[in-house]
Amino acid sequence: MTNQDQMLREKAYEEVKKYKDIVESDCYRLKYHLMPPVGLLNDPNGFIQFKGTYHLFYQWNPFNTGHGAKFWGHYSSKNLVDWQHHDIALAPSDWFDKNGCYSGSAIEHDDKLYLFYTGNVKDENNQRETYQVIAESKDGETFEKKGVVVELPEGYTAHFRDPKVWKHEDHFYMIIGAQSEDLTGKAVLFRSTDLFNWEHLGPIAGAHLTPFADFGYMWECPDLIELDGQDVLIFSPQGLEPEGIHYQNLYQAGYVVGKLDYEKARLEHGSFIELDRGFEFYAPQTTLDETGRRILIGWLGMPEEREDAHPTIEHKWIHAMTLPRELTLKEGKLYQKPVEELKMLRKEAVYDADVELKSEPRALVGVEEEALELLVEVNDSRTSSFEIQICNIATISYNPTDKLFKLERVSFVDGNTIEERFCQLDHVNEIQVFLDTSSIEVFINGGEEVFTARIYPDENEKGIVFTAEEKIIMNVKAWTL
Ligand code: FRU
């Protein structure tokens, strides 16, 4: 470890210590989501199960609640529920990453854990340079940077980052999020036999490649996965204009399904589908675990949009990770189900009854905890529109006439404006809600659609209230978490 590395780490730990009490006294500290100990957390990185243990790294600026020269923070877990926080995995201490150890991924090879990340460098004139870097670990605890393995190829701007590495047959592959010189987003493929020497194969997808005419100015955090014999490219495009109920956030996160021709380095694929319909969800990353499940974790945040308005910044921290979700592919669509292990979070069953609704609002008695799971089975969603109001600050609703499912929240920017997000659903038979002190994740029909958002309820505004227009019966279960 260099002196610079040592010095940066010590400074970061000092921040953690200095603000520990302020951070921990925040009533909006989450009960069962991953957060930074201080400062800003963004993308999930290096998600992997290594020798039985899950590791999740995260983009971390320990020094303030804005973006900056990122470190890789580190959590691990045996069961995706109980997480342990570790020492810093990577600090921005070298010439090739001095302005940030940006996002990347992990892979196991020859019994070792390798991290790939983007070294972000800015010169005196704010000109950016980008390097793809490898780091090695024997124990999954300490990481040794081995240096730059990929430099910027011709034809791209320095917005070239977020390597995701996987193995396919006899080769390793790396996909990188890029902006080509015509200022359009691309996903670029590399191949290697040893993880250290990489051959540039070219863009597999992007603007001006079929079927996209134009699709944003930059693609961040690509992830190429195989599911059910199909190849799915997950990525976070920037620069899409809103279209009706779609692309309502500043940046998007979604996927295309198709088939990657590894020889031609081209992905034939269908149209782009958003992964999440809520307000705060970005830069997700997946891993294939030892049981063969494909698990996704996203950043429960959104860059630039409302970032300075989150009330947690008064307490010196911002953002969190989503819950882990198991992915499956059904008829060309990704379903995201909270992983089975999350049932271990359930403490006490506080509600289990058939609820018959008829125009009168109905508050669930005894369901006032701030950390809750709610499982609602809807008997026939075609008979009536209905809504579920949460802590007097967010409402989810479904209207069978226009078939729109909606999440509404009171804006935390001004505490007044109502903000809305939608998705289209033919019917609704199940709604699963995970509520934490300042977040909500809504899974509909076993993960067919998901809404993720931060909400900041008042201390005295707890409780769940159901309302319907016509008669409708629901089975409602609730657990404290
Ligand atoms: C996405 C992103 C990545 C980058 C990282 C920097 O949120 O902008 O493209 O590597 O965050 O923190």
# chains A, B, ... in the order shown; residues from 1 in each chain; ligands from 1

call {"tool": "residues_near_ligand", "arguments": {"ligand": "ligand 1", "cutoff": "10 Å", "atoms": "only C-alpha atoms and all ligand atoms", "output": "compact mmCIF listing (two decimals) with C-alpha atoms, in the first residue's frame"}}
result
# COMPACT_ATOMS: atom_id res chain seq x y z
CA LEU A 40 -22.45 9.63 -0.58
CA LEU A 41 -23.08 6.15 -1.87
CA ASN A 42 -23.90 5.50 -5.50
CA ASP A 43 -23.57 2.48 -7.81
CA PRO A 44 -23.36 -1.12 -6.62
CA ASN A 45 -20.02 -2.55 -7.77
CA TYR A 58 -20.21 0.51 -3.60
CA GLN A 59 -19.21 3.83 -5.07
CA TRP A 60 -18.40 5.98 -2.08
CA ASN A 61 -17.46 9.58 -1.46
CA HIS A 67 -20.03 13.27 -6.07
CA GLY A 68 -16.22 13.29 -6.09
CA ALA A 69 -13.16 11.05 -6.19
CA LYS A 70 -14.87 7.76 -5.39
CA PHE A 71 -13.61 4.95 -3.19
CA TRP A 72 -14.94 1.41 -3.27
CA ASN A 99 -10.07 11.31 -9.47
CA GLY A 100 -12.04 8.22 -8.64
CA CYS A 101 -12.12 4.45 -8.61
CA TYR A 102 -15.27 4.43 -10.68
CA SER A 103 -17.74 1.60 -11.16
CA GLY A 104 -16.90 -1.94 -12.14
CA TYR A 117 -12.99 -0.77 -12.37
CA THR A 118 -12.55 2.51 -14.19
CA GLY A 119 -9.74 4.78 -13.16
CA ASN A 120 -11.05 8.29 -13.59
CA HIS A 159 -16.82 8.76 -21.21
CA PHE A 160 -15.80 5.15 -21.41
CA ARG A 161 -16.29 3.24 -18.17
CA ASP A 162 -17.91 0.69 -15.85
CA PRO A 163 -16.39 -2.64 -17.01
CA ILE A 176 -17.96 -1.17 -21.21
CA GLY A 177 -20.38 1.75 -21.20
CA ALA A 178 -19.30 4.31 -23.74
CA MET A 218 -24.01 7.94 -22.99
CA TRP A 219 -24.65 4.44 -21.71
CA GLU A 220 -23.49 3.80 -18.16
CA CYS A 221 -23.06 0.56 -16.24
CA PRO A 222 -23.73 -2.13 -18.86
CA SER A 236 -28.30 2.96 -17.88
CA PRO A 237 -28.70 5.32 -20.83
CA GLN A 238 -28.46 9.08 -20.40
CA TYR A 251 -31.68 9.09 -16.46
CA TYR A 282 -30.16 3.56 -11.31
CA ALA A 283 -27.00 1.71 -12.35
CA PRO A 284 -28.09 -1.80 -11.29
CA TRP A 299 -28.65 2.08 -6.56
CA GLY A 301 -30.79 6.90 -6.03
CA MET A 302 -30.64 9.03 -9.14
CA PRO A 303 -27.67 11.17 -10.13
CA GLU A 304 -28.16 14.94 -10.21

call {"tool": "select_by_dssp", "arguments": {"residues": "region 15-227 of chain A", "states": "helix (DSSP H, G or I)", "output": "list in words"}}
result
Glu15, Val16, Lys17, Lys18, Tyr19, Lys20, Asp21, Ile22, Val23 and Glu24 of chain A

call {"tool": "write_last_selection", "arguments": {"atoms": "N, CA and C atoms", "output": "PDB file, in the first residue's frame"}}
result
ATOM      1  N   GLU A  15     -13.457  10.677   8.762  1.00  0.00           N
ATOM      2  CA  GLU A  15     -14.795  11.220   8.472  1.00  0.00           C
ATOM      3  C   GLU A  15     -15.878  10.360   9.102  1.00  0.00           C
ATOM      4  N   VAL A  16     -15.699   9.045   8.970  1.00  0.00           N
ATOM      5  CA  VAL A  16     -16.689   8.117   9.526  1.00  0.00           C
ATOM      6  C   VAL A  16     -16.815   8.359  11.030  1.00  0.00           C
ATOM      7  N   LYS A  17     -15.654   8.462  11.683  1.00  0.00           N
ATOM      8  CA  LYS A  17     -15.638   8.638  13.133  1.00  0.00           C
ATOM      9  C   LYS A  17     -16.236   9.980  13.552  1.00  0.00           C
ATOM     10  N   LYS A  18     -15.793  10.993  12.823  1.00  0.00           N
ATOM     11  CA  LYS A  18     -16.194  12.364  13.161  1.00  0.00           C
ATOM     12  C   LYS A  18     -17.718  12.547  13.108  1.00  0.00           C
ATOM     13  N   TYR A  19     -18.358  11.925  12.104  1.00  0.00           N
ATOM     14  CA  TYR A  19     -19.785  12.177  11.907  1.00  0.00           C
ATOM     15  C   TYR A  19     -20.693  11.024  12.344  1.00  0.00           C
ATOM     16  N   LYS A  20     -20.080  10.019  12.980  1.00  0.00           N
ATOM     17  CA  LYS A  20     -20.838   8.817  13.346  1.00  0.00           C
ATOM     18  C   LYS A  20     -22.138   9.161  14.110  1.00  0.00           C
ATOM     19  N   ASP A  21     -22.020   9.995  15.134  1.00  0.00           N
ATOM     20  CA  ASP A  21     -23.194  10.281  15.958  1.00  0.00           C
ATOM     21  C   ASP A  21     -24.261  11.038  15.172  1.00  0.00           C
ATOM     22  N   ILE A  22     -23.808  11.993  14.353  1.00  0.00           N
ATOM     23  CA  ILE A  22     -24.765  12.773  13.551  1.00  0.00           C
ATOM     24  C   ILE A  22     -25.487  11.855  12.567  1.00  0.00           C
ATOM     25  N   VAL A  23     -24.709  10.998  11.889  1.00  0.00           N
ATOM     26  CA  VAL A  23     -25.304  10.076  10.909  1.00  0.00           C
ATOM     27  C   VAL A  23     -26.307   9.167  11.614  1.00  0.00           C
ATOM     28  N   GLU A  24     -25.859   8.569  12.713  1.00  0.00           N
ATOM     29  CA  GLU A  24     -26.706   7.557  13.356  1.00  0.00           C
ATOM     30  C   GLU A  24     -27.914   8.132  14.071  1.00  0.00           C
TER      31      GLU A  24
END

call {"tool": "atom_distance", "arguments": {"atom1": "CA of Val428 (chain A)", "atom2": "CA of Asp276 (chain A)"}}
result
16.6 Å

call {"tool": "residues_around", "arguments": {"residues": "Gly216 (chain A)", "least_positions_apart": "2", "cutoff": "10 Å", "atoms": "only C-alpha atoms", "output": "list of chain:residue names"}}
result
A:Gln179, A:Leu183, A:Thr184, A:Gly185, A:Lys186, A:Gly206, A:Ala207, A:Phe212, A:Ala213, A:Asp214, A:Met218, A:Trp219, A:Ser236, A:Pro237, A:Gln238, A:Gly239, A:Leu240, A:Glu241, A:Tyr251, A:Gln252

call {"tool": "write_last_selection", "arguments": {"atoms": "N, CA and C atoms", "output": "tab-separated table (two decimals), in the first residue's frame"}}
result
chain	number	residue	atom	x	y	z
A	179	GLN	N	-19.37	6.40	-24.83
A	179	GLN	CA	-19.91	7.43	-25.71
A	179	GLN	C	-18.99	7.47	-26.92
A	183	LEU	N	-20.96	11.42	-30.12
A	183	LEU	CA	-21.70	11.73	-28.90
A	183	LEU	C	-22.98	10.91	-28.73
A	184	THR	N	-22.90	9.62	-29.07
A	184	THR	CA	-24.02	8.72	-28.81
A	184	THR	C	-23.54	7.56	-27.94
A	185	GLY	N	-24.50	6.97	-27.20
A	185	GLY	CA	-24.19	5.91	-26.25
A	185	GLY	C	-23.95	4.57	-26.93
A	186	LYS	N	-23.01	3.80	-26.36
A	186	LYS	CA	-22.68	2.49	-26.92
A	186	LYS	C	-22.32	1.53	-25.78
A	206	GLY	N	-25.95	0.05	-29.54
A	206	GLY	CA	-25.88	1.48	-29.27
A	206	GLY	C	-26.63	2.27	-30.33
A	207	ALA	N	-26.59	3.56	-30.16
A	207	ALA	CA	-27.27	4.44	-31.10
A	207	ALA	C	-26.71	4.21	-32.51
A	212	PHE	N	-31.76	0.70	-32.77
A	212	PHE	CA	-31.83	2.07	-32.25
A	212	PHE	C	-31.39	3.09	-33.30
A	213	ALA	N	-32.23	4.06	-33.57
A	213	ALA	CA	-31.79	5.16	-34.42
A	213	ALA	C	-30.95	6.07	-33.54
A	214	ASP	N	-31.54	6.46	-32.45
A	214	ASP	CA	-30.87	7.39	-31.56
A	214	ASP	C	-31.25	6.93	-30.16
A	218	MET	N	-24.99	8.73	-23.76
A	218	MET	CA	-24.01	7.94	-22.99
A	218	MET	C	-24.73	6.76	-22.36
A	219	TRP	N	-24.09	5.59	-22.42
A	219	TRP	CA	-24.65	4.44	-21.71
A	219	TRP	C	-23.73	4.12	-20.54
A	236	SER	N	-27.69	1.72	-18.36
A	236	SER	CA	-28.30	2.96	-17.88
A	236	SER	C	-28.01	4.09	-18.87
A	237	PRO	N	-28.93	4.29	-19.82
A	237	PRO	CA	-28.70	5.32	-20.83
A	237	PRO	C	-29.00	6.73	-20.30
A	238	GLN	N	-28.22	7.68	-20.75
A	238	GLN	CA	-28.46	9.08	-20.40
A	238	GLN	C	-28.85	9.82	-21.67
A	239	GLY	N	-29.81	10.72	-21.54
A	239	GLY	CA	-30.17	11.56	-22.69
A	239	GLY	C	-31.44	11.14	-23.41
A	240	LEU	N	-32.27	10.29	-22.78
A	240	LEU	CA	-33.55	9.95	-23.41
A	240	LEU	C	-34.59	11.00	-23.03
A	241	GLU	N	-35.39	11.40	-23.99
A	241	GLU	CA	-36.47	12.35	-23.70
A	241	GLU	C	-37.66	11.58	-23.14
A	251	TYR	N	-32.36	10.18	-15.76
A	251	TYR	CA	-31.68	9.09	-16.46
A	251	TYR	C	-32.46	7.80	-16.27
A	252	GLN	N	-32.24	6.83	-17.16
A	252	GLN	CA	-33.01	5.59	-17.12
A	252	GLN	C	-32.13	4.41	-16.76

call {"tool": "residues_around", "arguments": {"residues": "region 367-377 of chain A", "least_positions_apart": "3", "cutoff": "9 Å", "atoms": "only C-alpha atoms", "output": "PDB file with C-alpha atoms, in the first residue's frame"}}
result
ATOM      1  CA  LEU A  30     -32.718   2.797   7.027  1.00  0.00           C
ATOM      2  CA  LYS A  31     -33.347  -0.347   9.055  1.00  0.00           C
ATOM      3  CA  TYR A  32     -32.560  -3.063   6.502  1.00  0.00           C
ATOM      4  CA  ARG A 346     -40.035 -10.728   9.070  1.00  0.00           C
ATOM      5  CA  VAL A 350     -49.231  -7.866  12.509  1.00  0.00           C
ATOM      6  CA  TYR A 351     -52.031  -8.388  10.020  1.00  0.00           C
ATOM      7  CA  ALA A 363     -56.939   2.001   7.940  1.00  0.00           C
ATOM      8  CA  LEU A 364     -55.168  -1.216   8.859  1.00  0.00           C
ATOM      9  CA  CYS A 391     -47.685   7.132   5.902  1.00  0.00           C
ATOM     10  CA  VAL A 428     -53.079  -6.651 -10.642  1.00  0.00           C
ATOM     11  CA  ASN A 429     -53.229  -9.788  -8.536  1.00  0.00           C
ATOM     12  CA  GLU A 430     -50.424  -9.240  -6.046  1.00  0.00           C
ATOM     13  CA  ILE A 431     -48.712  -6.239  -4.522  1.00  0.00           C
ATOM     14  CA  GLN A 432     -45.728  -6.663  -2.236  1.00  0.00           C
ATOM     15  CA  VAL A 433     -44.453  -3.543  -0.503  1.00  0.00           C
ATOM     16  CA  PHE A 434     -41.213  -3.177   1.414  1.00  0.00           C
ATOM     17  CA  LEU A 435     -41.325  -0.082   3.526  1.00  0.00           C
ATOM     18  CA  ASP A 436     -38.300   1.183   5.402  1.00  0.00           C
ATOM     19  CA  THR A 437     -37.868   4.375   7.434  1.00  0.00           C
ATOM     20  CA  SER A 438     -37.292   6.391   4.235  1.00  0.00           C
ATOM     21  CA  GLU A 461     -47.619  10.073   9.972  1.00  0.00           C
ATOM     22  CA  LYS A 462     -47.520   6.303  10.141  1.00  0.00           C
ATOM     23  CA  GLY A 463     -50.111   3.841   8.918  1.00  0.00           C
ATOM     24  CA  ILE A 464     -51.635   2.233   5.849  1.00  0.00           C
ATOM     25  CA  ILE A 473     -61.858  -7.955  -1.633  1.00  0.00           C
ATOM     26  CA  MET A 474     -58.192  -8.210  -0.815  1.00  0.00           C
ATOM     27  CA  ASN A 475     -56.224 -10.500   1.421  1.00  0.00           C
ATOM     28  CA  VAL A 476     -53.758  -8.415   3.347  1.00  0.00           C
ATOM     29  CA  LYS A 477     -50.783  -9.657   5.306  1.00  0.00           C
ATOM     30  CA  ALA A 478     -48.259  -7.448   7.076  1.00  0.00           C
ATOM     31  CA  TRP A 479     -45.086  -8.090   8.982  1.00  0.00           C
ATOM     32  CA  THR A 480     -42.869  -5.769  10.929  1.00  0.00           C
ATOM     33  CA  LEU A 481     -39.297  -5.950   9.710  1.00  0.00           C
TER      34      LEU A 481
END

call {"tool": "atom_distance", "arguments": {"atom1": "CA of Phe235 (chain A)", "atom2": "CA of Ile175 (chain A)"}}
result
10.4 Å

call {"tool": "select_by_dssp", "arguments": {"residues": "region 34-181 of chain A", "states": "strand (DSSP E or B)", "output": "NGL selection string"}}
result
:A and (39-50 or 53-61 or 71-77 or 83-85 or 90 or 101-109 or 112-122 or 128-137 or 144-150 or 156-168 or 171-180)

call {"tool": "closest_residue", "arguments": {"among": "A:Val257, A:Leu342, A:Val410, A:Leu323", "to": "Tyr456 (chain A)", "atoms": "only C-alpha atoms"}}
result
A:Val410

call {"tool": "atom_distance", "arguments": {"atom1": "CA of Ser381 (chain A)", "atom2": "CA of Ile472 (chain A)"}}
result
7.8 Å

call {"tool": "residues_around", "arguments": {"residues": "Glu341 (chain A)", "least_positions_apart": "4", "cutoff": "8 Å", "atoms": "only C-alpha atoms", "output": "list in words"}}
result
Asn79, Leu80, Val81 and Leu345 of chain A

call {"tool": "write_last_selection", "arguments": {"atoms": "N, CA and C atoms", "output": "mmCIF file, in the first residue's frame"}}
result
data_model
loop_
_atom_site.group_PDB
_atom_site.id
_atom_site.type_symbol
_atom_site.label_atom_id
_atom_site.label_comp_id
_atom_site.auth_asym_id
_atom_site.auth_seq_id
_atom_site.Cartn_x
_atom_site.Cartn_y
_atom_site.Cartn_z
ATOM 1 N N ASN A 79 -25.954 -14.331 3.673
ATOM 2 C CA ASN A 79 -27.348 -14.678 3.356
ATOM 3 C C ASN A 79 -28.138 -13.554 2.678
ATOM 4 N N LEU A 80 -27.485 -12.519 2.237
ATOM 5 C CA LEU A 80 -28.134 -11.385 1.554
ATOM 6 C C LEU A 80 -29.053 -10.577 2.480
ATOM 7 N N VAL A 81 -29.016 -10.873 3.768
ATOM 8 C CA VAL A 81 -29.862 -10.148 4.723
ATOM 9 C C VAL A 81 -29.008 -9.461 5.788
ATOM 10 N N LEU A 345 -36.316 -11.391 7.323
ATOM 11 C CA LEU A 345 -36.467 -10.071 7.948
ATOM 12 C C LEU A 345 -37.766 -9.976 8.759
#

call {"tool": "closest_residue", "arguments": {"among": "A:Asp82, A:Gly366, A:Ile88, A:Val149", "to": "Ala349 (chain A)", "atoms": "only C-alpha atoms"}}
result
A:Gly366

call {"tool": "residues_around", "arguments": {"residues": "Glu181 (chain A)", "least_positions_apart": "5", "cutoff": "10 Å", "atoms": "only C-alpha atoms", "output": "mmCIF file with C-alpha atoms, in the first residue's frame"}}
result
data_model
loop_
_atom_site.group_PDB
_atom_site.id
_atom_site.type_symbol
_atom_site.label_atom_id
_atom_site.label_comp_id
_atom_site.auth_asym_id
_atom_site.auth_seq_id
_atom_site.Cartn_x
_atom_site.Cartn_y
_atom_site.Cartn_z
ATOM 1 C CA GLU A 154 -10.076 5.224 -30.968
ATOM 2 C CA GLY A 155 -13.538 6.431 -31.824
ATOM 3 C CA TYR A 156 -14.737 7.160 -28.270
ATOM 4 C CA THR A 157 -14.738 10.116 -25.914
ATOM 5 C CA ALA A 158 -13.321 9.725 -22.393
ATOM 6 C CA HIS A 159 -16.824 8.757 -21.214
#

call {"tool": "residues_around", "arguments": {"residues": "Gly332 (chain A)", "least_positions_apart": "2", "cutoff": "12 Å", "atoms": "only C-alpha atoms", "output": "PDB file with N, CA and C atoms, in the first residue's frame"}}
result
ATOM      1  N   LEU A 227     -29.931 -15.477 -19.624  1.00  0.00           N
ATOM      2  CA  LEU A 227     -31.076 -15.944 -18.845  1.00  0.00           C
ATOM      3  C   LEU A 227     -31.962 -16.743 -19.780  1.00  0.00           C
ATOM      4  N   ASP A 228     -32.189 -17.987 -19.413  1.00  0.00           N
ATOM      5  CA  ASP A 228     -33.145 -18.767 -20.180  1.00  0.00           C
ATOM      6  C   ASP A 228     -32.774 -18.842 -21.675  1.00  0.00           C
ATOM      7  N   GLY A 229     -31.499 -18.985 -21.960  1.00  0.00           N
ATOM      8  CA  GLY A 229     -31.049 -19.112 -23.352  1.00  0.00           C
ATOM      9  C   GLY A 229     -31.014 -17.812 -24.142  1.00  0.00           C
ATOM     10  N   GLN A 230     -31.359 -16.719 -23.491  1.00  0.00           N
ATOM     11  CA  GLN A 230     -31.335 -15.405 -24.160  1.00  0.00           C
ATOM     12  C   GLN A 230     -30.217 -14.553 -23.555  1.00  0.00           C
ATOM     13  N   ASP A 231     -29.771 -13.561 -24.296  1.00  0.00           N
ATOM     14  CA  ASP A 231     -28.824 -12.603 -23.732  1.00  0.00           C
ATOM     15  C   ASP A 231     -29.567 -11.305 -23.418  1.00  0.00           C
ATOM     16  N   VAL A 232     -29.329 -10.816 -22.225  1.00  0.00           N
ATOM     17  CA  VAL A 232     -30.001  -9.583 -21.801  1.00  0.00           C
ATOM     18  C   VAL A 232     -28.929  -8.540 -21.516  1.00  0.00           C
ATOM     19  N   TYR A 255     -33.264  -2.518 -20.007  1.00  0.00           N
ATOM     20  CA  TYR A 255     -32.601  -3.640 -20.677  1.00  0.00           C
ATOM     21  C   TYR A 255     -33.192  -3.893 -22.049  1.00  0.00           C
ATOM     22  N   VAL A 256     -32.436  -4.640 -22.831  1.00  0.00           N
ATOM     23  CA  VAL A 256     -32.925  -5.183 -24.098  1.00  0.00           C
ATOM     24  C   VAL A 256     -32.641  -6.691 -24.074  1.00  0.00           C
ATOM     25  N   VAL A 257     -33.505  -7.456 -24.724  1.00  0.00           N
ATOM     26  CA  VAL A 257     -33.347  -8.913 -24.756  1.00  0.00           C
ATOM     27  C   VAL A 257     -33.020  -9.336 -26.177  1.00  0.00           C
ATOM     28  N   GLY A 258     -32.051 -10.235 -26.333  1.00  0.00           N
ATOM     29  CA  GLY A 258     -31.705 -10.686 -27.674  1.00  0.00           C
ATOM     30  C   GLY A 258     -30.698 -11.800 -27.642  1.00  0.00           C
ATOM     31  N   LYS A 259     -29.829 -11.798 -28.653  1.00  0.00           N
ATOM     32  CA  LYS A 259     -28.815 -12.838 -28.752  1.00  0.00           C
ATOM     33  C   LYS A 259     -27.507 -12.176 -29.156  1.00  0.00           C
ATOM     34  N   HIS A 269     -31.270  -7.423 -30.877  1.00  0.00           N
ATOM     35  CA  HIS A 269     -32.142  -7.302 -29.699  1.00  0.00           C
ATOM     36  C   HIS A 269     -33.430  -6.555 -29.983  1.00  0.00           C
ATOM     37  N   GLY A 270     -34.335  -6.658 -29.041  1.00  0.00           N
ATOM     38  CA  GLY A 270     -35.628  -5.972 -29.129  1.00  0.00           C
ATOM     39  C   GLY A 270     -35.567  -4.603 -28.487  1.00  0.00           C
ATOM     40  N   SER A 271     -36.751  -4.106 -28.123  1.00  0.00           N
ATOM     41  CA  SER A 271     -36.790  -2.712 -27.651  1.00  0.00           C
ATOM     42  C   SER A 271     -36.402  -2.602 -26.166  1.00  0.00           C
ATOM     43  N   PHE A 272     -36.151  -1.377 -25.773  1.00  0.00           N
ATOM     44  CA  PHE A 272     -35.673  -1.073 -24.422  1.00  0.00           C
ATOM     45  C   PHE A 272     -36.848  -1.069 -23.439  1.00  0.00           C
ATOM     46  N   ILE A 273     -36.652  -1.740 -22.317  1.00  0.00           N
ATOM     47  CA  ILE A 273     -37.695  -1.777 -21.288  1.00  0.00           C
ATOM     48  C   ILE A 273     -37.099  -1.262 -19.978  1.00  0.00           C
ATOM     49  N   THR A 328     -35.879 -13.326 -13.384  1.00  0.00           N
ATOM     50  CA  THR A 328     -36.248 -14.401 -14.311  1.00  0.00           C
ATOM     51  C   THR A 328     -36.783 -13.730 -15.569  1.00  0.00           C
ATOM     52  N   LEU A 329     -36.789 -14.498 -16.644  1.00  0.00           N
ATOM     53  CA  LEU A 329     -37.270 -13.953 -17.915  1.00  0.00           C
ATOM     54  C   LEU A 329     -38.555 -14.674 -18.283  1.00  0.00           C
ATOM     55  N   LYS A 330     -39.631 -13.900 -18.478  1.00  0.00           N
ATOM     56  CA  LYS A 330     -40.906 -14.513 -18.879  1.00  0.00           C
ATOM     57  C   LYS A 330     -41.416 -13.789 -20.106  1.00  0.00           C
ATOM     58  N   LEU A 334     -38.204  -9.122 -18.070  1.00  0.00           N
ATOM     59  CA  LEU A 334     -37.549  -9.469 -16.812  1.00  0.00           C
ATOM     60  C   LEU A 334     -38.524  -9.290 -15.661  1.00  0.00           C
ATOM     61  N   TYR A 335     -38.623 -10.306 -14.829  1.00  0.00           N
ATOM     62  CA  TYR A 335     -39.361 -10.217 -13.580  1.00  0.00           C
ATOM     63  C   TYR A 335     -38.342 -10.079 -12.460  1.00  0.00           C
ATOM     64  N   GLU A 448     -43.458  -8.383 -11.942  1.00  0.00           N
ATOM     65  CA  GLU A 448     -43.656  -7.960 -13.341  1.00  0.00           C
ATOM     66  C   GLU A 448     -43.294  -6.489 -13.510  1.00  0.00           C
TER      67      GLU A 448
END
